[in-house]
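Participant: Can you keep this structure in mind? I'll have questions shortly.
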Amino acid sequence: MADLSNLTISDTGFIDLPSGSTAQRPSPVAGMIRYNTDFNLIEFYNGSTWLAYDGLIRATASGAVDESTSTHTVFTFLGSGSITITHGGIVDYLIVAGGGAGGYYVGGGGGGGGYLEGSTFVNAGTYTVTVGNGGTGTRTRNPPSSANNGGNSSVFGISARGGGAGGSYNNFAGNFGGSGGGAGGPFSSGCCVERANGDSDQGSPGGTSINNRSGTPTNGSGGGGAGSAGGNELGAGSTTAPNGGEGKRSWVCPFNYYYAGGGGGGSYNSSSASVGGNGGIGGGGGGGTSSSTGPSLQGVGGPGGYSRSPGGDGATADPGDGGAGGANTGGGSGGAGHFASGNNASGGSGIVIVRFLKDWL
């Protein structure tokens, strides 16, 4: 085959490019150009990936829900799957990890799952998508390490950390996570539980206890959310548990939902009514409440209409379970009020959304 250099063509005809399917691509060298018969477009190799001549992404997905808009292809993963990039380029992503479980027995709310959002360049290839489960609720009174953090979510080598589980009574702190879990209710001989931090790039800290306990009422603290810290325990004598931190509203999500709200704190009062903390917007579960006399009020889950699914309300009957985190929101579950047999609610599962411009614009 002859090598041509500095060629000028003066004609009204055409150049017939080599053509073939994706499977028939040659062993690539930077600068190669060809016509792809699978996509009916010109493509070239830039030294690391095949790019469409128009610069737009071509991709398919397995295990995703198609939530495309008039301008963007949107692959939403409610569970794990994969995405195959046929032509590389810039994609937008939202990655939310699973929310943490709320603490058991005057429990702190679970922290929201780690929240990552942005744009990145991806080469052609197949990528695994992992969607983290919410942390499973337990009946372990202490230590809080027995409570479960949420699972990590990831795609394109970018990983969001699961939300931290809430602490329990006797001043057990919440766990570190994407957002930190709220501290458990304070004990009479100690004060000021260390705050459970969230990952600084992915979420916020859980609330902390700031006062000694002198009998009941006593409350757990709020779990951290992607947008704000969980509320602190409000001090001796308060009958109201603090709320979970707020989640964040996503510009990648086609519905602009909030994600990764923190769970509300649980409340216990042996002599009169008490009120559980509300879950943070973005799927946080409401705190449970338990008392010997009523009417107690459960914490309300993070509101629906602003998130993919609302967080569950806490319960009022002993043991006053916390409400579950909203499914596919990464919301933390609420802390429990008292203790008995059974299982506390779990954090909400995470989500991964990938979007890119449609190829007919």
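We label chains A, B, ... in the order they appear in the structure tokens, count residues from 1 in each chain, and number ligands from 1 in the order shown.
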Quick one: residues within 6 Å of segment 231-239 of chain A, only C-alpha atoms, excluding same-chain residues fewer than 3 positions away - as a compact mmCIF listing (two decimals) with N, CA, C and O atoms, in the first residue's frame?

Facilitator:
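Saved as result.txt:
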# COMPACT_ATOMS: atom_id res chain seq x y z
N GLY A 207 -25.04 14.52 64.42
CA GLY A 207 -25.16 15.35 65.62
C GLY A 207 -24.45 14.72 66.81
O GLY A 207 -24.09 13.54 66.81
N THR A 208 -24.27 15.52 67.85
CA THR A 208 -23.57 15.07 69.05
C THR A 208 -24.41 15.35 70.29
O THR A 208 -25.34 16.17 70.25
N SER A 209 -24.08 14.69 71.40
CA SER A 209 -24.73 14.96 72.69
C SER A 209 -23.95 16.04 73.41
O SER A 209 -22.72 15.98 73.51
N ASN A 211 -25.12 17.45 76.59
CA ASN A 211 -25.48 17.59 78.00
C ASN A 211 -25.49 16.23 78.68
O ASN A 211 -25.69 15.20 78.04
N ARG A 213 -27.26 13.42 81.03
CA ARG A 213 -28.64 12.99 81.25
C ARG A 213 -28.94 13.03 82.74
O ARG A 213 -28.11 12.64 83.56
N PRO A 217 -36.79 12.88 80.06
CA PRO A 217 -36.58 12.37 78.71
C PRO A 217 -35.11 12.41 78.29
O PRO A 217 -34.31 13.15 78.83
N SER A 221 -29.23 11.85 68.69
CA SER A 221 -28.97 12.97 67.79
C SER A 221 -29.32 12.62 66.35
O SER A 221 -29.49 11.45 66.00
N GLY A 222 -29.40 13.62 65.49
CA GLY A 222 -29.74 13.41 64.10
C GLY A 222 -28.56 12.95 63.27
O GLY A 222 -27.40 13.34 63.52
N PRO A 242 -33.67 15.70 67.99
CA PRO A 242 -33.27 16.53 66.86
C PRO A 242 -33.51 15.85 65.52
O PRO A 242 -33.61 14.62 65.42
N ASN A 243 -33.58 16.66 64.48
CA ASN A 243 -33.84 16.17 63.13
C ASN A 243 -32.56 15.72 62.43
O ASN A 243 -31.45 16.12 62.79
N SER A 274 -43.16 12.19 74.36
CA SER A 274 -41.94 12.67 73.73
C SER A 274 -42.13 12.66 72.22
O SER A 274 -43.09 12.11 71.71

Participant: Apply DSSP to the backbone of this structure and, from segment 55-197 of chain A, keep only the residues in strand (DSSP E); write these as a ChimeraX atom specification.

Facilitator: /A:58-62,65-66,72-77,81-87,89-96,115-122,125-129,153-155,158-160

Participant: Take the selection from the previous step and output its residues with C-alpha atoms, as a CSV table (one decimal), in the first residue's frame.

Facilitator:
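Listed below is the output, selection_22.csv:
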chain,number,residue,atom,x,y,z
A,58,ARG,CA,-22.7,6.3,22.3
A,59,ALA,CA,-23.5,3.8,25.1
A,60,THR,CA,-25.7,1.0,26.2
A,61,ALA,CA,-26.6,-0.2,29.7
A,62,SER,CA,-27.6,-3.4,31.4
A,65,VAL,CA,-34.0,2.2,33.9
A,66,ASP,CA,-34.3,4.5,30.9
A,72,HIS,CA,-30.2,13.7,27.3
A,73,THR,CA,-29.9,10.0,27.5
A,74,VAL,CA,-30.3,9.0,31.1
A,75,PHE,CA,-29.4,5.6,32.6
A,76,THR,CA,-30.7,5.2,36.2
A,77,PHE,CA,-29.4,2.3,38.1
A,81,GLY,CA,-25.5,-3.4,36.5
A,82,SER,CA,-23.1,-2.3,33.8
A,83,ILE,CA,-22.7,0.4,31.1
A,84,THR,CA,-20.8,-0.1,27.8
A,85,ILE,CA,-19.3,3.0,26.3
A,86,THR,CA,-18.9,2.5,22.5
A,87,HIS,CA,-17.7,6.0,21.8
A,89,GLY,CA,-16.5,11.4,25.8
A,90,ILE,CA,-17.9,13.5,28.6
A,91,VAL,CA,-20.7,12.0,30.9
A,92,ASP,CA,-22.5,13.4,33.9
A,93,TYR,CA,-22.9,11.2,37.0
A,94,LEU,CA,-24.7,11.1,40.3
A,95,ILE,CA,-23.4,8.4,42.7
A,96,VAL,CA,-25.2,8.0,46.1
A,115,TYR,CA,-23.1,11.9,47.6
A,116,LEU,CA,-21.0,12.6,44.5
A,117,GLU,CA,-22.0,14.5,41.4
A,118,GLY,CA,-20.1,15.8,38.5
A,119,SER,CA,-18.8,15.2,35.0
A,120,THR,CA,-15.9,13.1,33.7
A,121,PHE,CA,-14.3,11.9,30.5
A,122,VAL,CA,-14.7,8.1,29.9
A,125,GLY,CA,-15.2,0.1,27.4
A,126,THR,CA,-17.6,-1.7,29.7
A,127,TYR,CA,-17.9,-0.4,33.3
A,128,THR,CA,-19.4,-2.1,36.3
A,129,VAL,CA,-22.0,-0.1,38.2
A,153,SER,CA,-21.8,2.8,45.3
A,154,SER,CA,-19.5,3.3,42.4
A,155,VAL,CA,-19.0,3.7,38.6
A,158,ILE,CA,-15.5,6.8,41.4
A,159,SER,CA,-16.8,5.6,44.7
A,160,ALA,CA,-19.3,7.0,47.3

Participant: If you count only C-alpha atoms, which residues fall within 7 Å of Gly350 of chain A, apart from same-chain ones fewer than 5 positions away, as a list in words?

Facilitator: Val96, Ala97, Gly98, Val131, Gly132, Asn133, Ser153, Asn328, Thr329 and Gly330 of chain A

Participant: Save out the residues we just selected, N, CA, C and O atoms, as a compact mmCIF listing (two decimals), in the first residue's frame.

Facilitator:
# COMPACT_ATOMS: atom_id res chain seq x y z
N VAL A 96 -24.79 7.89 44.68
CA VAL A 96 -25.22 7.99 46.07
C VAL A 96 -25.10 6.61 46.71
O VAL A 96 -25.64 5.63 46.19
N ALA A 97 -24.40 6.53 47.80
CA ALA A 97 -24.23 5.26 48.51
C ALA A 97 -25.44 4.97 49.39
O ALA A 97 -26.32 5.82 49.59
N GLY A 98 -25.50 3.75 49.94
CA GLY A 98 -26.58 3.38 50.84
C GLY A 98 -26.52 4.15 52.16
O GLY A 98 -25.44 4.48 52.66
N VAL A 131 -24.46 -0.42 43.16
CA VAL A 131 -25.39 0.39 43.97
C VAL A 131 -25.42 -0.21 45.37
O VAL A 131 -25.79 -1.37 45.55
N GLY A 132 -25.04 0.57 46.36
CA GLY A 132 -24.94 0.07 47.73
C GLY A 132 -26.29 -0.11 48.39
O GLY A 132 -27.22 0.68 48.20
N ASN A 133 -26.40 -1.17 49.20
CA ASN A 133 -27.60 -1.39 50.01
C ASN A 133 -27.58 -0.48 51.24
O ASN A 133 -26.52 -0.03 51.69
N SER A 153 -21.39 2.83 46.72
CA SER A 153 -21.84 2.83 45.33
C SER A 153 -20.71 3.35 44.46
O SER A 153 -19.92 4.21 44.89
N ASN A 328 -33.61 3.83 47.30
CA ASN A 328 -32.86 4.49 46.23
C ASN A 328 -32.71 5.98 46.44
O ASN A 328 -32.64 6.76 45.49
N THR A 329 -32.63 6.38 47.71
CA THR A 329 -32.32 7.76 48.05
C THR A 329 -31.01 7.89 48.82
O THR A 329 -30.46 8.98 48.91
N GLY A 330 -30.52 6.78 49.39
CA GLY A 330 -29.36 6.86 50.27
C GLY A 330 -29.69 7.52 51.60
O GLY A 330 -28.78 7.94 52.32

Participant: How many Å separate atom CA of Thr240 of chain A from atom CA of Ala165 of chain A?

Facilitator: 20.7 Å

Participant: May I have the residues within 7 Å of Gly107 of chain A as a ChimeraX atom specification, using only C-alpha atoms and disregarding those fewer than 5 positions away in the same chain?

Facilitator: /A:102,166-169,184-185,220,265-266,335-337

Participant: Would you save the residues of that selection, restricted to N, CA, C and O atoms, as a short mmCIF file (atom, residue, chain, number, x, y, z; two decimals), in the first residue's frame?

Facilitator:
data_model
loop_
_atom_site.label_atom_id
_atom_site.label_comp_id
_atom_site.auth_asym_id
_atom_site.auth_seq_id
_atom_site.Cartn_x
_atom_site.Cartn_y
_atom_site.Cartn_z
N GLY A 102 -30.17 3.51 61.66
CA GLY A 102 -30.28 4.26 62.90
C GLY A 102 -29.90 3.42 64.12
O GLY A 102 -29.95 2.19 64.09
N GLY A 166 -26.09 5.05 63.23
CA GLY A 166 -26.30 5.85 64.43
C GLY A 166 -25.82 5.14 65.69
O GLY A 166 -25.77 3.91 65.75
N GLY A 167 -25.44 5.92 66.69
CA GLY A 167 -25.03 5.38 67.99
C GLY A 167 -26.22 5.04 68.87
O GLY A 167 -27.37 5.20 68.48
N SER A 168 -25.93 4.56 70.08
CA SER A 168 -26.98 4.14 71.00
C SER A 168 -26.76 4.74 72.39
O SER A 168 -25.76 5.42 72.64
N TYR A 169 -27.71 4.48 73.27
CA TYR A 169 -27.67 5.00 74.64
C TYR A 169 -26.38 4.60 75.36
O TYR A 169 -25.80 3.56 75.09
N GLY A 184 -25.72 8.48 70.14
CA GLY A 184 -26.79 7.95 70.97
C GLY A 184 -27.08 8.84 72.16
O GLY A 184 -26.33 9.78 72.46
N GLY A 185 -28.19 8.56 72.85
CA GLY A 185 -28.60 9.37 73.98
C GLY A 185 -27.55 9.45 75.08
O GLY A 185 -26.80 8.49 75.30
N GLY A 220 -31.61 10.67 71.15
CA GLY A 220 -30.48 10.52 70.26
C GLY A 220 -30.35 11.72 69.35
O GLY A 220 -31.27 12.55 69.24
N GLY A 265 -33.34 11.59 65.21
CA GLY A 265 -32.98 10.94 66.46
C GLY A 265 -34.17 10.29 67.14
O GLY A 265 -35.31 10.75 67.02
N GLY A 266 -33.92 9.21 67.87
CA GLY A 266 -34.96 8.56 68.66
C GLY A 266 -35.12 9.21 70.02
O GLY A 266 -34.20 9.85 70.54
N GLY A 335 -33.40 6.81 64.41
CA GLY A 335 -33.01 6.10 65.62
C GLY A 335 -34.23 5.58 66.38
O GLY A 335 -35.31 6.16 66.31
N ALA A 336 -34.05 4.47 67.10
CA ALA A 336 -35.13 3.88 67.88
C ALA A 336 -35.28 4.58 69.23
O ALA A 336 -34.34 5.20 69.74
N GLY A 337 -36.48 4.46 69.82
CA GLY A 337 -36.73 5.08 71.11
C GLY A 337 -36.29 4.23 72.29
O GLY A 337 -35.46 4.65 73.10
#

Participant: From a DSSP pass on the backbone, collect the residues of segment 15-224 of chain A flagged as helix (DSSP H, G or I) and hand them back as a ChimeraX atom specification.

Facilitator: /A:22-24,144-146

Participant: How many Å lie between atom CA of Ala324 of chain A and atom CA of Gly181 of chain A, rounded to one decimal?

Facilitator: 14.3 Å

Participant: Within 8 Å of segment 11-27 of chain A, counting only C-alpha atoms, which residues show up once you throw out same-chain ones fewer than 5 positions away? Write them as a list in words, please.

Facilitator: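 Contacts, in chain order: Ile33, Arg34, Tyr35, Asn36, Thr37 and Asp38 of chain A.
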
Participant: Gly284 of chain A: which residues within 6 Å, counting only C-alpha atoms, same-chain residues fewer than 2 positions away excluded, as a PyMOL selection string?

Facilitator: chain A and resi 261-263+279-280+282+301-302+311+325+331-333

Participant: Excluding same-chain residues fewer than 2 positions from Asp321 of chain A, what lies within 7 Å of it counting only C-alpha atoms, as number ranges by chain?

Facilitator: A: 288, 314-315, 319, 323, 336-337, 344-345

Participant: Please produce a file of the residues just selected, as a CSV table (one decimal), in the first residue's frame, where the atoms kept are C-alpha atoms.

Facilitator:
chain,number,residue,atom,x,y,z
A,288,GLY,CA,-39.0,6.5,66.9
A,314,GLY,CA,-40.9,6.4,63.2
A,315,ALA,CA,-43.1,4.2,65.4
A,319,PRO,CA,-39.7,0.0,71.3
A,323,GLY,CA,-38.4,4.8,60.2
A,336,ALA,CA,-35.1,3.9,67.9
A,337,GLY,CA,-36.7,5.1,71.1
A,344,ASN,CA,-34.8,-1.7,63.8
A,345,ALA,CA,-35.4,-0.2,60.3
